[in-house]
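These notes concern the structure reproduced below.
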Amino acid sequence: MTPETDPPGEPAPLDPVVHWLTAPPPPDDTPADASPAPYGPGEGAAPATSWQRVDLAPVLSGQYTPPAPTIGRRDDGAGMFYPGRLHSIFAEPEAMKTWLALTVTAAELALGNAVVYLDFEDEEGGIVARLLALGTPAEVIAERFHYFRPDGPMGDAGRAALAPYLAAPTTFAVVDGVTEAMGLFGLKPKDDTDVAGFWRILPRWLAEHGPAVLLLDHVNKDRETRGRWATGSQHKLSGLNGCAFVLENITPLAPGQTGKSRVRVAKDRPGQVRRNALPGSGGALHWFGDFVVEPQPDGSALASLPAPIEREGPFRPTALMHKVSDALAAAPEPLSVRGVLDRVPGKQDAVRRALAALVDEGNVTMTPGPRGAQLHTLKRAFTDDEAHAA
């Protein structure tokens, strides 16, 4: 899939699947007694540096405009990603994070824009197959979808190969597999310094060219213990200057089965995405919408991200309801309230509320037991679909 149009400044087309390696430094032929070259365009000019006083006049005069999320759209038009900034999707297994990235990719390609995709986890066959299933024409993929599959550190050779594809009309760049990418660079995902260094080497460098940059990463599967960021260092979240999303799988995508994942906002530095999300109940992250992928009989797929719907009603302790349901399922006989409390960790009042909610919703039945006890039997396991139901 060689691009039909050569990038500006390139004498010959580059293979869209690029493997980059660290280039050795050029030999130093400078004489030992030579004076250092002056900095900047003129003799004696000060060196270029970011340590310059920032001109605040545009902000003070009211000319400053907050960044707007114009890349990636919910079904109602609300944007997800900010041009020139770093974003992430932290996803559970089977939560369709790559499908969501490719849905945004397909939308950008349909608008006439280009996309750079750096794949550290999959291979071109699986990625292109999903783009085709989403309705992107093959000729558009060949022309404006720039796919890279690196197998080593970037270095000067990698930057030279990648940079021409980051110019306009490229609006979106995806790094699929942060942990794997850091491993290729010899960096540790659990080390704050290594994460910050990786951010400088690749993601921030990509964003400096203008596209919205999306990093795809993993979360711990346990919703109770994983926190608000991906596996590894907390700097994976704090180092972002755009938006971070967490995908919570509701229904896995499978042949003949529609996949559904809840999209929650874990961080929004500019604040223009969270304003279009609903606050989560019980301290949960803001709810941006539910991402749905529906397989079709002809092999295509329909993807949608509708806006969340305000739901009324009492708070439901769904995490504990899951645990109570699991405890009843594993018990060899019906359990009393004390039996449930002994098997489910957490505050006793909260566990009692979860058990009562399961009874009220028909998941658990009660029968009289010895000495006035009430025995609880699981009638229907509590599912993720029920957890997100009205």
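Residues are referred to by chain and number: the chain letter is A, B, ... according to the order shown in the structure tokens, the number counts from 1 in that chain, and ligands are numbered separately from 1 in the order shown.
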For this session: Find the spatial neighbours of segment 294-299 of chain A, counting only C-alpha atoms, within a cut-off of 8 Å - ignore same-chain residues fewer than 2 positions away - and output them as a PyMOL selection string.
Result: chain A and resi 133+255-259+292+301-303
For this session: Extract, using only C-alpha atoms, all DNA, RNA and protein residues at most 10 Å from Glu94 of chain A, discarding same-chain residues fewer than 6 positions from it, and format them as a PyMOL selection string.
Result: chain A and resi 247-254+259-261
Exercise. Mind checking DSSP for segment 50-166 of chain A and telling me the strand (DSSP E or B) residues as number ranges by chain?
Worked result: A: 71-73, 79-81, 86-91, 114-119, 145-148
For the residues in the current selection, export N, CA and C atoms as a PDB file, in the first residue's frame.
```
ATOM      1  N   ILE A  71     -11.271  16.659  16.717  1.00  0.00           N
ATOM      2  CA  ILE A  71     -10.954  15.370  16.097  1.00  0.00           C
ATOM      3  C   ILE A  71     -11.723  14.270  16.826  1.00  0.00           C
ATOM      4  N   GLY A  72     -12.429  13.427  16.080  1.00  0.00           N
ATOM      5  CA  GLY A  72     -13.224  12.375  16.709  1.00  0.00           C
ATOM      6  C   GLY A  72     -14.523  12.946  17.237  1.00  0.00           C
ATOM      7  N   ARG A  73     -15.638  12.489  16.707  1.00  0.00           N
ATOM      8  CA  ARG A  73     -16.931  13.075  17.065  1.00  0.00           C
ATOM      9  C   ARG A  73     -17.885  12.020  17.616  1.00  0.00           C
ATOM     10  N   GLY A  79     -16.857  16.737  20.324  1.00  0.00           N
ATOM     11  CA  GLY A  79     -15.526  16.261  19.982  1.00  0.00           C
ATOM     12  C   GLY A  79     -14.832  15.545  21.125  1.00  0.00           C
ATOM     13  N   MET A  80     -13.786  14.769  20.764  1.00  0.00           N
ATOM     14  CA  MET A  80     -13.052  13.969  21.740  1.00  0.00           C
ATOM     15  C   MET A  80     -11.600  14.400  21.900  1.00  0.00           C
ATOM     16  N   PHE A  81     -10.923  14.776  20.802  1.00  0.00           N
ATOM     17  CA  PHE A  81      -9.480  14.985  20.848  1.00  0.00           C
ATOM     18  C   PHE A  81      -9.117  16.382  20.347  1.00  0.00           C
ATOM     19  N   LEU A  86      -1.759  15.572  23.475  1.00  0.00           N
ATOM     20  CA  LEU A  86      -1.645  14.145  23.770  1.00  0.00           C
ATOM     21  C   LEU A  86      -2.893  13.641  24.475  1.00  0.00           C
ATOM     22  N   HIS A  87      -3.380  12.494  24.028  1.00  0.00           N
ATOM     23  CA  HIS A  87      -4.563  11.858  24.596  1.00  0.00           C
ATOM     24  C   HIS A  87      -4.289  10.378  24.799  1.00  0.00           C
ATOM     25  N   SER A  88      -5.141   9.739  25.565  1.00  0.00           N
ATOM     26  CA  SER A  88      -4.977   8.308  25.757  1.00  0.00           C
ATOM     27  C   SER A  88      -6.331   7.640  25.907  1.00  0.00           C
ATOM     28  N   ILE A  89      -6.346   6.366  25.552  1.00  0.00           N
ATOM     29  CA  ILE A  89      -7.468   5.484  25.879  1.00  0.00           C
ATOM     30  C   ILE A  89      -6.896   4.322  26.670  1.00  0.00           C
ATOM     31  N   PHE A  90      -7.297   4.225  27.939  1.00  0.00           N
ATOM     32  CA  PHE A  90      -6.926   3.091  28.777  1.00  0.00           C
ATOM     33  C   PHE A  90      -8.093   2.113  28.727  1.00  0.00           C
ATOM     34  N   ALA A  91      -7.843   0.888  28.327  1.00  0.00           N
ATOM     35  CA  ALA A  91      -8.967  -0.009  28.074  1.00  0.00           C
ATOM     36  C   ALA A  91      -8.784  -1.354  28.740  1.00  0.00           C
ATOM     37  N   ALA A 114      -5.549  12.887   6.525  1.00  0.00           N
ATOM     38  CA  ALA A 114      -4.667  11.731   6.567  1.00  0.00           C
ATOM     39  C   ALA A 114      -4.419  11.338   8.017  1.00  0.00           C
ATOM     40  N   VAL A 115      -4.036  10.077   8.221  1.00  0.00           N
ATOM     41  CA  VAL A 115      -3.816   9.535   9.561  1.00  0.00           C
ATOM     42  C   VAL A 115      -2.512   8.748   9.570  1.00  0.00           C
ATOM     43  N   VAL A 116      -1.739   8.922  10.649  1.00  0.00           N
ATOM     44  CA  VAL A 116      -0.541   8.120  10.889  1.00  0.00           C
ATOM     45  C   VAL A 116      -0.855   7.123  11.992  1.00  0.00           C
ATOM     46  N   TYR A 117      -0.517   5.846  11.752  1.00  0.00           N
ATOM     47  CA  TYR A 117      -0.823   4.789  12.723  1.00  0.00           C
ATOM     48  C   TYR A 117       0.460   4.025  13.022  1.00  0.00           C
ATOM     49  N   LEU A 118       0.946   4.145  14.276  1.00  0.00           N
ATOM     50  CA  LEU A 118       2.144   3.441  14.715  1.00  0.00           C
ATOM     51  C   LEU A 118       1.700   2.234  15.524  1.00  0.00           C
ATOM     52  N   ASP A 119       1.925   1.053  14.981  1.00  0.00           N
ATOM     53  CA  ASP A 119       1.368  -0.172  15.549  1.00  0.00           C
ATOM     54  C   ASP A 119       2.468  -1.001  16.218  1.00  0.00           C
ATOM     55  N   PHE A 145      -3.799   6.653   4.581  1.00  0.00           N
ATOM     56  CA  PHE A 145      -3.597   5.960   5.854  1.00  0.00           C
ATOM     57  C   PHE A 145      -2.147   5.482   5.896  1.00  0.00           C
ATOM     58  N   HIS A 146      -1.323   6.125   6.719  1.00  0.00           N
ATOM     59  CA  HIS A 146       0.121   5.870   6.751  1.00  0.00           C
ATOM     60  C   HIS A 146       0.429   4.961   7.939  1.00  0.00           C
ATOM     61  N   TYR A 147       0.648   3.709   7.643  1.00  0.00           N
ATOM     62  CA  TYR A 147       0.797   2.667   8.661  1.00  0.00           C
ATOM     63  C   TYR A 147       2.274   2.323   8.863  1.00  0.00           C
ATOM     64  N   PHE A 148       2.718   2.332  10.136  1.00  0.00           N
ATOM     65  CA  PHE A 148       4.084   1.994  10.496  1.00  0.00           C
ATOM     66  C   PHE A 148       4.051   0.853  11.514  1.00  0.00           C
TER      67      PHE A 148
END
```
For this session: Pick out the residues sitting within 6 Å of His286 of chain A, and hand them over as number ranges by chain; count only C-alpha atoms, and ignore anything fewer than 4 positions along from it in its own chain.
Result: A: 264-265, 277-280
For this session: Give the alpha helix (DSSP H) residues of segment 121-217 of chain A, as assigned by DSSP on the backbone, as an MDAnalysis selection string.
Result: chainID A and resid 124:133 138:144 155:162 178:184 192:201 203:208
Output the selection as a compact mmCIF listing (two decimals), in the first residue's frame - N, CA and C atoms for each residue.
```txt
# COMPACT_ATOMS: atom_id res chain seq x y z
N GLU A 124 -0.54 -5.32 9.90
CA GLU A 124 -1.32 -4.53 8.96
C GLU A 124 -2.59 -5.23 8.50
N GLY A 125 -2.58 -6.56 8.44
CA GLY A 125 -3.77 -7.27 7.96
C GLY A 125 -4.98 -7.02 8.83
N GLY A 126 -4.82 -7.15 10.16
CA GLY A 126 -5.94 -6.94 11.07
C GLY A 126 -6.42 -5.51 11.11
N ILE A 127 -5.49 -4.56 11.04
CA ILE A 127 -5.86 -3.15 11.10
C ILE A 127 -6.61 -2.74 9.83
N VAL A 128 -6.08 -3.09 8.68
CA VAL A 128 -6.71 -2.70 7.42
C VAL A 128 -8.07 -3.39 7.26
N ALA A 129 -8.17 -4.63 7.72
CA ALA A 129 -9.45 -5.34 7.62
C ALA A 129 -10.55 -4.61 8.38
N ARG A 130 -10.21 -4.06 9.54
CA ARG A 130 -11.21 -3.33 10.31
C ARG A 130 -11.57 -2.00 9.66
N LEU A 131 -10.59 -1.33 9.07
CA LEU A 131 -10.90 -0.09 8.35
C LEU A 131 -11.83 -0.37 7.17
N LEU A 132 -11.57 -1.44 6.44
CA LEU A 132 -12.45 -1.81 5.33
C LEU A 132 -13.85 -2.14 5.84
N ALA A 133 -13.93 -2.85 6.96
CA ALA A 133 -15.24 -3.20 7.53
C ALA A 133 -16.02 -1.96 7.93
N ALA A 138 -10.65 1.16 -0.24
CA ALA A 138 -9.27 0.70 -0.30
C ALA A 138 -8.34 1.77 -0.86
N GLU A 139 -8.81 2.51 -1.87
CA GLU A 139 -7.94 3.53 -2.46
C GLU A 139 -7.64 4.66 -1.50
N VAL A 140 -8.59 4.97 -0.61
CA VAL A 140 -8.35 6.00 0.40
C VAL A 140 -7.34 5.51 1.43
N ILE A 141 -7.45 4.26 1.83
CA ILE A 141 -6.48 3.69 2.76
C ILE A 141 -5.08 3.72 2.16
N ALA A 142 -4.96 3.34 0.90
CA ALA A 142 -3.66 3.33 0.24
C ALA A 142 -3.05 4.72 0.14
N GLU A 143 -3.90 5.72 -0.03
CA GLU A 143 -3.39 7.08 -0.26
C GLU A 143 -3.12 7.85 1.01
N ARG A 144 -4.00 7.73 2.02
CA ARG A 144 -3.91 8.66 3.16
C ARG A 144 -3.84 7.98 4.52
N GLY A 155 15.31 6.88 16.76
CA GLY A 155 16.54 7.47 16.28
C GLY A 155 16.32 8.45 15.15
N ASP A 156 17.40 8.96 14.61
CA ASP A 156 17.31 9.95 13.53
C ASP A 156 16.71 9.34 12.27
N ALA A 157 17.03 8.05 12.01
CA ALA A 157 16.50 7.42 10.80
C ALA A 157 14.99 7.28 10.87
N GLY A 158 14.47 6.92 12.03
CA GLY A 158 13.03 6.80 12.20
C GLY A 158 12.33 8.12 12.07
N ARG A 159 12.88 9.17 12.65
CA ARG A 159 12.27 10.50 12.54
C ARG A 159 12.26 10.96 11.08
N ALA A 160 13.33 10.70 10.37
CA ALA A 160 13.38 11.11 8.97
C ALA A 160 12.34 10.37 8.14
N ALA A 161 12.10 9.09 8.47
CA ALA A 161 11.11 8.31 7.72
C ALA A 161 9.69 8.73 8.05
N LEU A 162 9.46 9.14 9.30
CA LEU A 162 8.11 9.42 9.76
C LEU A 162 7.68 10.87 9.53
N VAL A 178 1.37 1.33 24.12
CA VAL A 178 2.36 2.16 24.80
C VAL A 178 3.40 1.30 25.52
N THR A 179 2.94 0.28 26.25
CA THR A 179 3.87 -0.56 27.00
C THR A 179 4.86 -1.24 26.07
N GLU A 180 4.36 -1.76 24.94
CA GLU A 180 5.24 -2.42 23.97
C GLU A 180 6.21 -1.43 23.34
N ALA A 181 5.73 -0.22 23.05
CA ALA A 181 6.60 0.79 22.46
C ALA A 181 7.72 1.17 23.42
N MET A 182 7.39 1.34 24.70
CA MET A 182 8.43 1.69 25.67
C MET A 182 9.46 0.58 25.80
N GLY A 183 9.01 -0.67 25.69
CA GLY A 183 9.95 -1.78 25.73
C GLY A 183 10.96 -1.72 24.60
N LEU A 184 10.52 -1.33 23.40
CA LEU A 184 11.44 -1.20 22.27
C LEU A 184 12.47 -0.11 22.50
N ASP A 192 8.50 6.63 36.53
CA ASP A 192 8.04 7.97 36.14
C ASP A 192 9.02 8.65 35.20
N THR A 193 10.31 8.54 35.48
CA THR A 193 11.31 9.19 34.64
C THR A 193 11.33 8.60 33.24
N ASP A 194 11.20 7.26 33.15
CA ASP A 194 11.18 6.62 31.84
C ASP A 194 9.93 7.01 31.05
N VAL A 195 8.77 7.09 31.73
CA VAL A 195 7.55 7.50 31.05
C VAL A 195 7.68 8.92 30.52
N ALA A 196 8.22 9.83 31.36
CA ALA A 196 8.41 11.22 30.92
C ALA A 196 9.36 11.28 29.73
N GLY A 197 10.41 10.46 29.77
CA GLY A 197 11.35 10.44 28.66
C GLY A 197 10.72 9.94 27.38
N PHE A 198 9.91 8.89 27.48
CA PHE A 198 9.22 8.38 26.30
C PHE A 198 8.26 9.41 25.73
N TRP A 199 7.54 10.13 26.62
CA TRP A 199 6.62 11.18 26.17
C TRP A 199 7.37 12.19 25.31
N ARG A 200 8.60 12.57 25.73
CA ARG A 200 9.38 13.55 24.97
C ARG A 200 9.87 12.98 23.64
N ILE A 201 10.30 11.71 23.68
CA ILE A 201 10.92 11.12 22.49
C ILE A 201 9.92 10.94 21.35
N PRO A 203 5.61 10.67 21.67
CA PRO A 203 4.28 11.31 21.59
C PRO A 203 4.32 12.83 21.47
N ARG A 204 5.13 13.50 22.28
CA ARG A 204 5.16 14.97 22.19
C ARG A 204 5.76 15.42 20.86
N TRP A 205 6.73 14.67 20.37
CA TRP A 205 7.30 15.02 19.07
C TRP A 205 6.25 14.91 17.98
N LEU A 206 5.41 13.88 18.05
CA LEU A 206 4.32 13.75 17.08
C LEU A 206 3.37 14.94 17.18
N ALA A 207 2.98 15.29 18.42
CA ALA A 207 2.01 16.38 18.62
C ALA A 207 2.56 17.72 18.15
N GLU A 208 3.87 17.91 18.26
CA GLU A 208 4.46 19.18 17.82
C GLU A 208 4.26 19.42 16.33
```
Exercise. Atom CA of Phe120 of chain A and atom CA of Arg262 of chain A are how many Å apart?
Worked result: 24.6 Å
For this session: Go ahead and compute the interatomic distance for atom CA of Val213 of chain A and atom CA of Thr103 of chain A, in Å to one decimal.
Result: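 According to the coordinates, atom CA of Val213 of chain A and atom CA of Thr103 of chain A are separated by 14.7 Å.
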Problem set entry | Between atom CA of Pro150 of chain A and atom CA of Val174 of chain A, distance in Å (one decimal) | 13.1 Å
For this session: Show which residues sit within 8 Å of segment 352-368 of chain A, as a PyMOL selection string. Count only C-alpha atoms, and ignore same-chain residues fewer than 4 positions away.
Result: chain A and resi 316-318+320-321+324-325+337+341+348+372-382
